[in-house]
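As structure tokens, the structure follows; a few thoughts come after it.
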2 protein chains.
Amino acid sequence: MKANAPEDDGRQDVAARLREWITGGRFMPNERLIETDLAQVLNANRANVRMALAMLEQEGLVVRERNRGARVRLVSDAEAIEIAEARQSLEGLVTRQAAARASKADCATLRGIIADMRKAHAAADYLAISALNGRLHAEIQRIADNATVTRLLEMLRSQIVRQQYRAILLPGRAKASVQEHAAIVTAICAHDMSAAEEAMRRHIGGVIAALKQAIALKVS
Amino acid sequence: MKANAPEDDGRQDVAARLREWITGGRFMPNERLIETDLAQVLNANRANVRMALAMLEQEGLVVRERNRGARVRLVSDAEAIEIAEARQSLEGLVTRQAAARASKADCATLRGIIADMRKAHAAADYLAISALNGRLHAEIQRIADNATVTRLLEMLRSQIVRQQYRAILLPGRAKASVQEHAAIVTAICAHDMSAAEEAMRRHIGGVIAALKQAIALKVS
DNA sequence: ATCGACAGGATTGTCAACAATCATGTTATC
DNA sequence: GATAACATGATTGTTGACAATCCTGTCGAT
């Protein structure tokens, strides 16, 4: 009997929880991540926290300086665009592959998500739209069944979740987003690989344009 | 006075050296990586080796199982193709960006590499071709000046350096490779972004085709 | 008042010992 | 002879203590 807290782990999913906390906005960008404190809060030992920080550094979520500890990485506006462009490229690829592999059932699922999106948009529920957005992209990745690209996209996404919110809130962006997603699903279900890739590239192109606009407007 | 080996470090570039050793073929795929042994050979302590292994796991070079230690990750043929396809996508992107940014001096450098490649090809020096190949891609990434994509490409490359050798040795592949590279450089120097991206995609498409052929022939 | 040396605290880096777990080979039993 | 319980060695996981480094605020000299 060594456990003292209700949730006991001892494993290294310390990294998983830290990742959630960072992407979830529990820490501010540039906030210091002190090993001892994290160990206490996460109910883990310092060695595991240390390893988790090293892993998150590889993922680009954290920066570490020798003898100075770790901080939440602040991604600059320029980097956010770089990341979004990389995402555009890779999302295009998975979408193409999804178009090649999608089954009838897959298409039904995708169409269901689009329908829910339309409802959410009609209700002006931006939080729901954002969630469905994530669901749709995740579903496309699942259909494409490409672990390599999925992993890369997950890395990129975790670095800019915060910036994404800036873009979707611009006037008119939500409506355009729904239409773009609908086009993607249509192309996937028609098994038109090139059209699907192009539709996805156009969609993320829209996101990038919105992001640039938000940056220009200094919207936080 | 604590150093006993000519090269002393104490830092965490333990990861860097391990990475080189793995990608350089010093360890076989699936070979066990025993922490104590590595600590001795690398002249580091076990904690650092442990962290390095965690980082390399994030990079996909190593797999770790709880209580069973780490092994060099064996990438299957299917994964190798997935990785190459992801590379195709991202290399296309950086090449496009390089075409937008290349200066006169950059073009001179690129053309120099192509000239060297032609010489190496004439001399049937496949090792030199392979090295110049790497130099060219690195140069393009430097010109594009996109840290995000460069990092992703570095990850992908490290996972398949070994497989790359299988492809370049196929009859006729070296010659085609040189021509493809020349087309890429021409497009970059003409600042034709779309042509550059397309040329790069075609090039890596060739690599993928060669890889598939090598796999089909069961060439190791 | 400003600047530099310096002390104190906070935090990270290193190390060794111990505990827990897995892999392997041995022996007893049927 | 085959199989299962068991003992043994090898390796990983965990913990705590200590050393090294950085940051901050204070004190003294000019």
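The way I read the labels, and the way they are meant: chains A, B, ... in the order of the structure tokens, residue 1 as the first residue of every chain, and ligand 1 as the first ligand shown, with later ones counted on from there.
All chain A residues having an atom within 7 Å of chain C, based on only C-alpha atoms (C1' of nucleotides), amount to Asn67, Arg68 and Gly69 of chain A.
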Prev. selection, N, CA and C atoms, output as a PDB file, in the first residue's frame:
ATOM      1  N   ASN A  67      20.129  23.947 -17.483  1.00  0.00           N
ATOM      2  CA  ASN A  67      20.193  24.543 -16.140  1.00  0.00           C
ATOM      3  C   ASN A  67      19.131  25.617 -15.899  1.00  0.00           C
ATOM      4  N   ARG A  68      18.247  25.794 -16.868  1.00  0.00           N
ATOM      5  CA  ARG A  68      17.224  26.819 -16.690  1.00  0.00           C
ATOM      6  C   ARG A  68      15.823  26.251 -16.740  1.00  0.00           C
ATOM      7  N   GLY A  69      15.726  24.970 -16.941  1.00  0.00           N
ATOM      8  CA  GLY A  69      14.424  24.347 -16.879  1.00  0.00           C
ATOM      9  C   GLY A  69      13.600  24.495 -18.142  1.00  0.00           C
TER      10      GLY A  69
END
Could you do a least-squares fit of chain B on chain A over every C-alpha atom, in sequence order, and give the output as a PDB file with C-alpha atoms, in the first residue's frame?
ATOM      1  CA  MET B   1      -0.679   1.038   0.165  1.00  0.00           C
ATOM      2  CA  LYS B   2       1.182   3.973  -1.229  1.00  0.00           C
ATOM      3  CA  ALA B   3      -1.476   5.817  -3.195  1.00  0.00           C
ATOM      4  CA  ASN B   4      -2.661   9.033  -1.687  1.00  0.00           C
ATOM      5  CA  ALA B   5      -4.606  10.526  -4.580  1.00  0.00           C
ATOM      6  CA  PRO B   6      -7.731   9.054  -6.138  1.00  0.00           C
ATOM      7  CA  GLU B   7      -5.978   8.662  -9.484  1.00  0.00           C
ATOM      8  CA  ASP B   8      -2.747   6.764  -9.288  1.00  0.00           C
ATOM      9  CA  ASP B   9      -0.502   5.910 -12.205  1.00  0.00           C
ATOM     10  CA  GLY B  10       3.236   5.479 -11.866  1.00  0.00           C
ATOM     11  CA  ARG B  11       3.475   5.043 -15.628  1.00  0.00           C
ATOM     12  CA  GLN B  12       4.900   7.476 -18.107  1.00  0.00           C
ATOM     13  CA  ASP B  13       1.598   8.727 -19.444  1.00  0.00           C
ATOM     14  CA  VAL B  14       2.697  11.628 -17.343  1.00  0.00           C
ATOM     15  CA  ALA B  15       3.620  12.972 -20.755  1.00  0.00           C
ATOM     16  CA  ALA B  16       0.081  12.458 -22.022  1.00  0.00           C
ATOM     17  CA  ARG B  17      -1.453  14.366 -19.154  1.00  0.00           C
ATOM     18  CA  LEU B  18       1.061  17.157 -19.381  1.00  0.00           C
ATOM     19  CA  ARG B  19       0.354  17.414 -23.106  1.00  0.00           C
ATOM     20  CA  GLU B  20      -3.361  17.753 -22.443  1.00  0.00           C
ATOM     21  CA  TRP B  21      -2.758  20.381 -19.814  1.00  0.00           C
ATOM     22  CA  ILE B  22      -0.571  22.411 -22.107  1.00  0.00           C
ATOM     23  CA  THR B  23      -2.722  22.158 -25.208  1.00  0.00           C
ATOM     24  CA  GLY B  24      -5.807  22.665 -23.070  1.00  0.00           C
ATOM     25  CA  GLY B  25      -4.491  26.018 -21.991  1.00  0.00           C
ATOM     26  CA  ARG B  26      -3.885  25.195 -18.353  1.00  0.00           C
ATOM     27  CA  PHE B  27      -0.451  26.763 -18.673  1.00  0.00           C
ATOM     28  CA  MET B  28       0.303  30.049 -20.334  1.00  0.00           C
ATOM     29  CA  PRO B  29       2.869  30.273 -23.118  1.00  0.00           C
ATOM     30  CA  ASN B  30       6.321  30.894 -21.681  1.00  0.00           C
ATOM     31  CA  GLU B  31       5.183  29.758 -18.288  1.00  0.00           C
ATOM     32  CA  ARG B  32       7.878  27.939 -16.380  1.00  0.00           C
ATOM     33  CA  LEU B  33       7.349  24.237 -15.793  1.00  0.00           C
ATOM     34  CA  ILE B  34       9.051  23.362 -12.542  1.00  0.00           C
ATOM     35  CA  GLU B  35       9.862  19.704 -12.193  1.00  0.00           C
ATOM     36  CA  THR B  36       9.186  19.414  -8.480  1.00  0.00           C
ATOM     37  CA  ASP B  37       5.818  21.127  -8.715  1.00  0.00           C
ATOM     38  CA  LEU B  38       4.710  19.047 -11.681  1.00  0.00           C
ATOM     39  CA  ALA B  39       5.770  15.879  -9.914  1.00  0.00           C
ATOM     40  CA  GLN B  40       3.564  16.769  -6.985  1.00  0.00           C
ATOM     41  CA  VAL B  41       0.548  17.841  -9.013  1.00  0.00           C
ATOM     42  CA  LEU B  42       0.784  14.864 -11.369  1.00  0.00           C
ATOM     43  CA  ASN B  43       1.478  12.491  -8.510  1.00  0.00           C
ATOM     44  CA  ALA B  44       4.622  11.204 -10.182  1.00  0.00           C
ATOM     45  CA  ASN B  45       8.293  11.255  -9.394  1.00  0.00           C
ATOM     46  CA  ARG B  46      10.702  13.806 -10.741  1.00  0.00           C
ATOM     47  CA  ALA B  47      12.469  11.364 -13.040  1.00  0.00           C
ATOM     48  CA  ASN B  48       9.264  10.689 -14.942  1.00  0.00           C
ATOM     49  CA  VAL B  49       8.405  14.354 -15.169  1.00  0.00           C
ATOM     50  CA  ARG B  50      11.873  14.959 -16.497  1.00  0.00           C
ATOM     51  CA  MET B  51      11.442  12.331 -19.197  1.00  0.00           C
ATOM     52  CA  ALA B  52       8.019  13.662 -20.096  1.00  0.00           C
ATOM     53  CA  LEU B  53       9.468  17.137 -20.555  1.00  0.00           C
ATOM     54  CA  ALA B  54      12.184  15.753 -22.804  1.00  0.00           C
ATOM     55  CA  MET B  55       9.551  14.053 -24.931  1.00  0.00           C
ATOM     56  CA  LEU B  56       7.359  17.125 -25.132  1.00  0.00           C
ATOM     57  CA  GLU B  57      10.397  19.104 -26.193  1.00  0.00           C
ATOM     58  CA  GLN B  58      10.783  16.752 -29.147  1.00  0.00           C
ATOM     59  CA  GLU B  59       7.152  17.412 -29.988  1.00  0.00           C
ATOM     60  CA  GLY B  60       7.727  21.144 -29.965  1.00  0.00           C
ATOM     61  CA  LEU B  61       5.384  21.855 -27.078  1.00  0.00           C
ATOM     62  CA  VAL B  62       8.100  22.783 -24.618  1.00  0.00           C
ATOM     63  CA  VAL B  63      11.502  24.430 -24.737  1.00  0.00           C
ATOM     64  CA  ARG B  64      14.262  23.555 -22.328  1.00  0.00           C
ATOM     65  CA  GLU B  65      17.437  25.437 -21.553  1.00  0.00           C
ATOM     66  CA  ARG B  66      20.331  23.846 -19.772  1.00  0.00           C
ATOM     67  CA  ASN B  67      20.178  24.523 -16.041  1.00  0.00           C
ATOM     68  CA  ARG B  68      17.205  26.797 -16.569  1.00  0.00           C
ATOM     69  CA  GLY B  69      14.416  24.310 -16.839  1.00  0.00           C
ATOM     70  CA  ALA B  70      11.480  24.031 -19.177  1.00  0.00           C
ATOM     71  CA  ARG B  71       8.864  26.492 -20.369  1.00  0.00           C
ATOM     72  CA  VAL B  72       5.746  26.170 -22.461  1.00  0.00           C
ATOM     73  CA  ARG B  73       6.865  27.003 -25.967  1.00  0.00           C
ATOM     74  CA  LEU B  74       5.458  30.189 -27.382  1.00  0.00           C
ATOM     75  CA  VAL B  75       4.817  29.780 -31.085  1.00  0.00           C
ATOM     76  CA  SER B  76       5.201  33.029 -32.950  1.00  0.00           C
ATOM     77  CA  ASP B  77       2.724  34.196 -35.556  1.00  0.00           C
ATOM     78  CA  ALA B  78       5.173  33.338 -38.319  1.00  0.00           C
ATOM     79  CA  GLU B  79       5.631  29.839 -36.925  1.00  0.00           C
ATOM     80  CA  ALA B  80       1.891  29.372 -36.639  1.00  0.00           C
ATOM     81  CA  ILE B  81       1.600  29.994 -40.363  1.00  0.00           C
ATOM     82  CA  GLU B  82       4.493  27.663 -41.138  1.00  0.00           C
ATOM     83  CA  ILE B  83       2.785  24.984 -39.125  1.00  0.00           C
ATOM     84  CA  ALA B  84      -0.540  25.564 -40.798  1.00  0.00           C
ATOM     85  CA  GLU B  85       1.092  25.314 -44.212  1.00  0.00           C
ATOM     86  CA  ALA B  86       2.747  22.035 -43.300  1.00  0.00           C
ATOM     87  CA  ARG B  87      -0.629  20.858 -42.099  1.00  0.00           C
ATOM     88  CA  GLN B  88      -2.189  21.865 -45.392  1.00  0.00           C
ATOM     89  CA  SER B  89       0.239  19.687 -47.234  1.00  0.00           C
ATOM     90  CA  LEU B  90      -0.173  16.637 -45.029  1.00  0.00           C
ATOM     91  CA  GLU B  91      -3.934  16.918 -44.600  1.00  0.00           C
ATOM     92  CA  GLY B  92      -4.164  17.023 -48.380  1.00  0.00           C
ATOM     93  CA  LEU B  93      -2.279  13.752 -48.517  1.00  0.00           C
ATOM     94  CA  VAL B  94      -4.403  11.909 -45.964  1.00  0.00           C
ATOM     95  CA  THR B  95      -7.573  13.188 -47.549  1.00  0.00           C
ATOM     96  CA  ARG B  96      -6.452  11.807 -50.875  1.00  0.00           C
ATOM     97  CA  GLN B  97      -5.774   8.459 -49.255  1.00  0.00           C
ATOM     98  CA  ALA B  98      -9.087   8.560 -47.408  1.00  0.00           C
ATOM     99  CA  ALA B  99     -10.863   9.090 -50.725  1.00  0.00           C
ATOM    100  CA  ALA B 100      -9.214   5.942 -52.000  1.00  0.00           C
ATOM    101  CA  ARG B 101     -10.207   3.833 -49.029  1.00  0.00           C
ATOM    102  CA  ALA B 102     -13.521   5.159 -47.716  1.00  0.00           C
ATOM    103  CA  SER B 103     -16.264   2.567 -47.321  1.00  0.00           C
ATOM    104  CA  LYS B 104     -20.014   3.165 -47.387  1.00  0.00           C
ATOM    105  CA  ALA B 105     -20.100   3.156 -43.611  1.00  0.00           C
ATOM    106  CA  ASP B 106     -17.269   5.659 -43.473  1.00  0.00           C
ATOM    107  CA  CYS B 107     -19.171   7.996 -45.757  1.00  0.00           C
ATOM    108  CA  ALA B 108     -22.267   7.716 -43.617  1.00  0.00           C
ATOM    109  CA  THR B 109     -20.226   8.741 -40.599  1.00  0.00           C
ATOM    110  CA  LEU B 110     -18.691  11.666 -42.430  1.00  0.00           C
ATOM    111  CA  ARG B 111     -22.047  12.868 -43.707  1.00  0.00           C
ATOM    112  CA  GLY B 112     -23.425  12.613 -40.186  1.00  0.00           C
ATOM    113  CA  ILE B 113     -20.708  14.906 -38.919  1.00  0.00           C
ATOM    114  CA  ILE B 114     -21.460  17.416 -41.666  1.00  0.00           C
ATOM    115  CA  ALA B 115     -25.152  17.336 -40.741  1.00  0.00           C
ATOM    116  CA  ASP B 116     -24.285  17.998 -37.103  1.00  0.00           C
ATOM    117  CA  MET B 117     -22.029  20.831 -38.200  1.00  0.00           C
ATOM    118  CA  ARG B 118     -24.873  22.465 -40.112  1.00  0.00           C
ATOM    119  CA  LYS B 119     -27.090  22.230 -37.043  1.00  0.00           C
ATOM    120  CA  ALA B 120     -24.390  23.679 -34.826  1.00  0.00           C
ATOM    121  CA  HIS B 121     -23.843  26.488 -37.302  1.00  0.00           C
ATOM    122  CA  ALA B 122     -27.561  27.245 -37.393  1.00  0.00           C
ATOM    123  CA  ALA B 123     -27.484  27.441 -33.612  1.00  0.00           C
ATOM    124  CA  ALA B 124     -24.379  29.647 -33.728  1.00  0.00           C
ATOM    125  CA  ASP B 125     -22.699  27.174 -31.397  1.00  0.00           C
ATOM    126  CA  TYR B 126     -19.068  27.856 -32.205  1.00  0.00           C
ATOM    127  CA  LEU B 127     -17.718  25.547 -29.551  1.00  0.00           C
ATOM    128  CA  ALA B 128     -19.646  22.628 -31.034  1.00  0.00           C
ATOM    129  CA  ILE B 129     -18.443  23.522 -34.522  1.00  0.00           C
ATOM    130  CA  SER B 130     -14.890  23.477 -33.307  1.00  0.00           C
ATOM    131  CA  ALA B 131     -15.356  20.070 -31.700  1.00  0.00           C
ATOM    132  CA  LEU B 132     -17.010  18.627 -34.815  1.00  0.00           C
ATOM    133  CA  ASN B 133     -14.189  20.093 -36.834  1.00  0.00           C
ATOM    134  CA  GLY B 134     -11.737  18.033 -34.843  1.00  0.00           C
ATOM    135  CA  ARG B 135     -13.934  14.952 -35.101  1.00  0.00           C
ATOM    136  CA  LEU B 136     -14.111  15.226 -38.884  1.00  0.00           C
ATOM    137  CA  HIS B 137     -10.375  15.544 -39.356  1.00  0.00           C
ATOM    138  CA  ALA B 138      -9.778  12.665 -36.959  1.00  0.00           C
ATOM    139  CA  GLU B 139     -12.265  10.527 -38.857  1.00  0.00           C
ATOM    140  CA  ILE B 140     -10.579  11.277 -42.170  1.00  0.00           C
ATOM    141  CA  GLN B 141      -7.239  10.280 -40.684  1.00  0.00           C
ATOM    142  CA  ARG B 142      -8.730   7.068 -39.352  1.00  0.00           C
ATOM    143  CA  ILE B 143     -10.102   6.207 -42.794  1.00  0.00           C
ATOM    144  CA  ALA B 144      -6.793   6.960 -44.497  1.00  0.00           C
ATOM    145  CA  ASP B 145      -5.136   4.532 -42.076  1.00  0.00           C
ATOM    146  CA  ASN B 146      -1.720   6.144 -42.391  1.00  0.00           C
ATOM    147  CA  ALA B 147      -0.037   6.052 -39.004  1.00  0.00           C
ATOM    148  CA  THR B 148       2.962   8.078 -40.095  1.00  0.00           C
ATOM    149  CA  VAL B 149       1.074  11.091 -41.342  1.00  0.00           C
ATOM    150  CA  THR B 150      -1.435  10.869 -38.518  1.00  0.00           C
ATOM    151  CA  ARG B 151       1.396  11.142 -36.023  1.00  0.00           C
ATOM    152  CA  LEU B 152       2.882  14.157 -37.765  1.00  0.00           C
ATOM    153  CA  LEU B 153      -0.482  15.882 -37.959  1.00  0.00           C
ATOM    154  CA  GLU B 154      -1.088  15.244 -34.293  1.00  0.00           C
ATOM    155  CA  MET B 155       2.212  16.939 -33.496  1.00  0.00           C
ATOM    156  CA  LEU B 156       1.387  19.938 -35.618  1.00  0.00           C
ATOM    157  CA  ARG B 157      -2.152  20.251 -34.313  1.00  0.00           C
ATOM    158  CA  SER B 158      -1.038  20.210 -30.703  1.00  0.00           C
ATOM    159  CA  GLN B 159       1.218  23.164 -31.368  1.00  0.00           C
ATOM    160  CA  ILE B 160      -1.479  25.428 -32.713  1.00  0.00           C
ATOM    161  CA  VAL B 161      -4.746  24.459 -31.061  1.00  0.00           C
ATOM    162  CA  ARG B 162      -4.670  27.788 -29.349  1.00  0.00           C
ATOM    163  CA  GLN B 163      -4.227  29.779 -32.553  1.00  0.00           C
ATOM    164  CA  GLN B 164      -7.039  27.872 -34.225  1.00  0.00           C
ATOM    165  CA  TYR B 165      -9.583  29.570 -32.036  1.00  0.00           C
ATOM    166  CA  ARG B 166      -8.560  32.966 -33.299  1.00  0.00           C
ATOM    167  CA  ALA B 167      -9.426  31.981 -36.856  1.00  0.00           C
ATOM    168  CA  ILE B 168     -12.833  30.373 -36.430  1.00  0.00           C
ATOM    169  CA  LEU B 169     -14.233  33.407 -34.648  1.00  0.00           C
ATOM    170  CA  LEU B 170     -13.749  35.800 -37.541  1.00  0.00           C
ATOM    171  CA  PRO B 171     -17.076  36.892 -39.047  1.00  0.00           C
ATOM    172  CA  GLY B 172     -18.108  34.635 -41.921  1.00  0.00           C
ATOM    173  CA  ARG B 173     -15.375  32.115 -41.286  1.00  0.00           C
ATOM    174  CA  ALA B 174     -17.617  29.548 -39.606  1.00  0.00           C
ATOM    175  CA  LYS B 175     -20.018  29.442 -42.518  1.00  0.00           C
ATOM    176  CA  ALA B 176     -17.221  29.098 -45.061  1.00  0.00           C
ATOM    177  CA  SER B 177     -15.678  26.389 -42.930  1.00  0.00           C
ATOM    178  CA  VAL B 178     -18.829  24.296 -42.979  1.00  0.00           C
ATOM    179  CA  GLN B 179     -19.126  24.599 -46.750  1.00  0.00           C
ATOM    180  CA  GLU B 180     -15.488  23.665 -47.244  1.00  0.00           C
ATOM    181  CA  HIS B 181     -15.893  20.609 -45.062  1.00  0.00           C
ATOM    182  CA  ALA B 182     -18.978  19.563 -46.979  1.00  0.00           C
ATOM    183  CA  ALA B 183     -17.021  19.749 -50.235  1.00  0.00           C
ATOM    184  CA  ILE B 184     -14.306  17.560 -48.752  1.00  0.00           C
ATOM    185  CA  VAL B 185     -16.792  14.908 -47.698  1.00  0.00           C
ATOM    186  CA  THR B 186     -18.506  14.957 -51.073  1.00  0.00           C
ATOM    187  CA  ALA B 187     -15.221  14.373 -52.860  1.00  0.00           C
ATOM    188  CA  ILE B 188     -14.165  11.610 -50.486  1.00  0.00           C
ATOM    189  CA  CYS B 189     -17.478   9.802 -50.893  1.00  0.00           C
ATOM    190  CA  ALA B 190     -17.187  10.093 -54.672  1.00  0.00           C
ATOM    191  CA  HIS B 191     -13.756   8.433 -54.356  1.00  0.00           C
ATOM    192  CA  ASP B 192     -12.313  11.326 -56.327  1.00  0.00           C
ATOM    193  CA  MET B 193      -8.819  11.442 -54.871  1.00  0.00           C
ATOM    194  CA  SER B 194      -7.604  14.597 -56.583  1.00  0.00           C
ATOM    195  CA  ALA B 195     -10.774  16.514 -55.857  1.00  0.00           C
ATOM    196  CA  ALA B 196     -10.639  15.441 -52.225  1.00  0.00           C
ATOM    197  CA  GLU B 197      -7.036  16.531 -51.828  1.00  0.00           C
ATOM    198  CA  GLU B 198      -7.773  19.815 -53.539  1.00  0.00           C
ATOM    199  CA  ALA B 199     -10.850  20.441 -51.402  1.00  0.00           C
ATOM    200  CA  MET B 200      -8.842  19.872 -48.241  1.00  0.00           C
ATOM    201  CA  ARG B 201      -6.054  22.125 -49.422  1.00  0.00           C
ATOM    202  CA  ARG B 202      -8.571  24.821 -50.211  1.00  0.00           C
ATOM    203  CA  HIS B 203     -10.128  24.412 -46.780  1.00  0.00           C
ATOM    204  CA  ILE B 204      -6.869  24.788 -44.916  1.00  0.00           C
ATOM    205  CA  GLY B 205      -5.966  27.581 -47.288  1.00  0.00           C
ATOM    206  CA  GLY B 206      -9.054  29.298 -45.923  1.00  0.00           C
ATOM    207  CA  VAL B 207      -7.915  28.654 -42.378  1.00  0.00           C
ATOM    208  CA  ILE B 208      -4.521  30.136 -43.180  1.00  0.00           C
ATOM    209  CA  ALA B 209      -6.063  33.206 -44.748  1.00  0.00           C
ATOM    210  CA  ALA B 210      -8.279  33.669 -41.705  1.00  0.00           C
ATOM    211  CA  LEU B 211      -5.282  33.202 -39.432  1.00  0.00           C
ATOM    212  CA  LYS B 212      -3.308  35.831 -41.310  1.00  0.00           C
ATOM    213  CA  GLN B 213      -6.271  38.162 -41.074  1.00  0.00           C
ATOM    214  CA  ALA B 214      -6.584  37.579 -37.348  1.00  0.00           C
ATOM    215  CA  ILE B 215      -2.881  38.240 -36.943  1.00  0.00           C
ATOM    216  CA  ALA B 216      -3.105  41.441 -38.960  1.00  0.00           C
ATOM    217  CA  LEU B 217      -6.023  42.582 -36.801  1.00  0.00           C
ATOM    218  CA  LYS B 218      -3.981  41.751 -33.708  1.00  0.00           C
ATOM    219  CA  VAL B 219      -6.857  39.620 -32.473  1.00  0.00           C
ATOM    220  CA  SER B 220      -5.745  37.422 -29.654  1.00  0.00           C
TER     221      SER B 220
END
Show me a table, sorted first by chain and then by increasing residue number, of the residues of chain D having an atom at most 12 Å from chain B, each with its shortest atom pair and the distance in Å to one decimal, counting only C-alpha atoms (C1' of nucleotides) and written as a Markdown table.
| residue | atom | partner | partner_atom | distance |
| --- | --- | --- | --- | --- |
| D:DA10 | C1' | B:Ile34 | CA | 10.4 |
| D:DT11 | C1' | B:Ile34 | CA | 7.7 |
| D:DT12 | C1' | B:Asn67 | CA | 5.3 |
| D:DG13 | C1' | B:Asn67 | CA | 7.4 |
| D:DT14 | C1' | B:Ala47 | CA | 11.8 |
With DSSP run on the backbone, what are the helix (DSSP H, G or I) residues within range 33-161 of chain B? I'd like them as a ChimeraX atom specification. /B:35-42,46-58,77-101,104-122,126-144,147-161
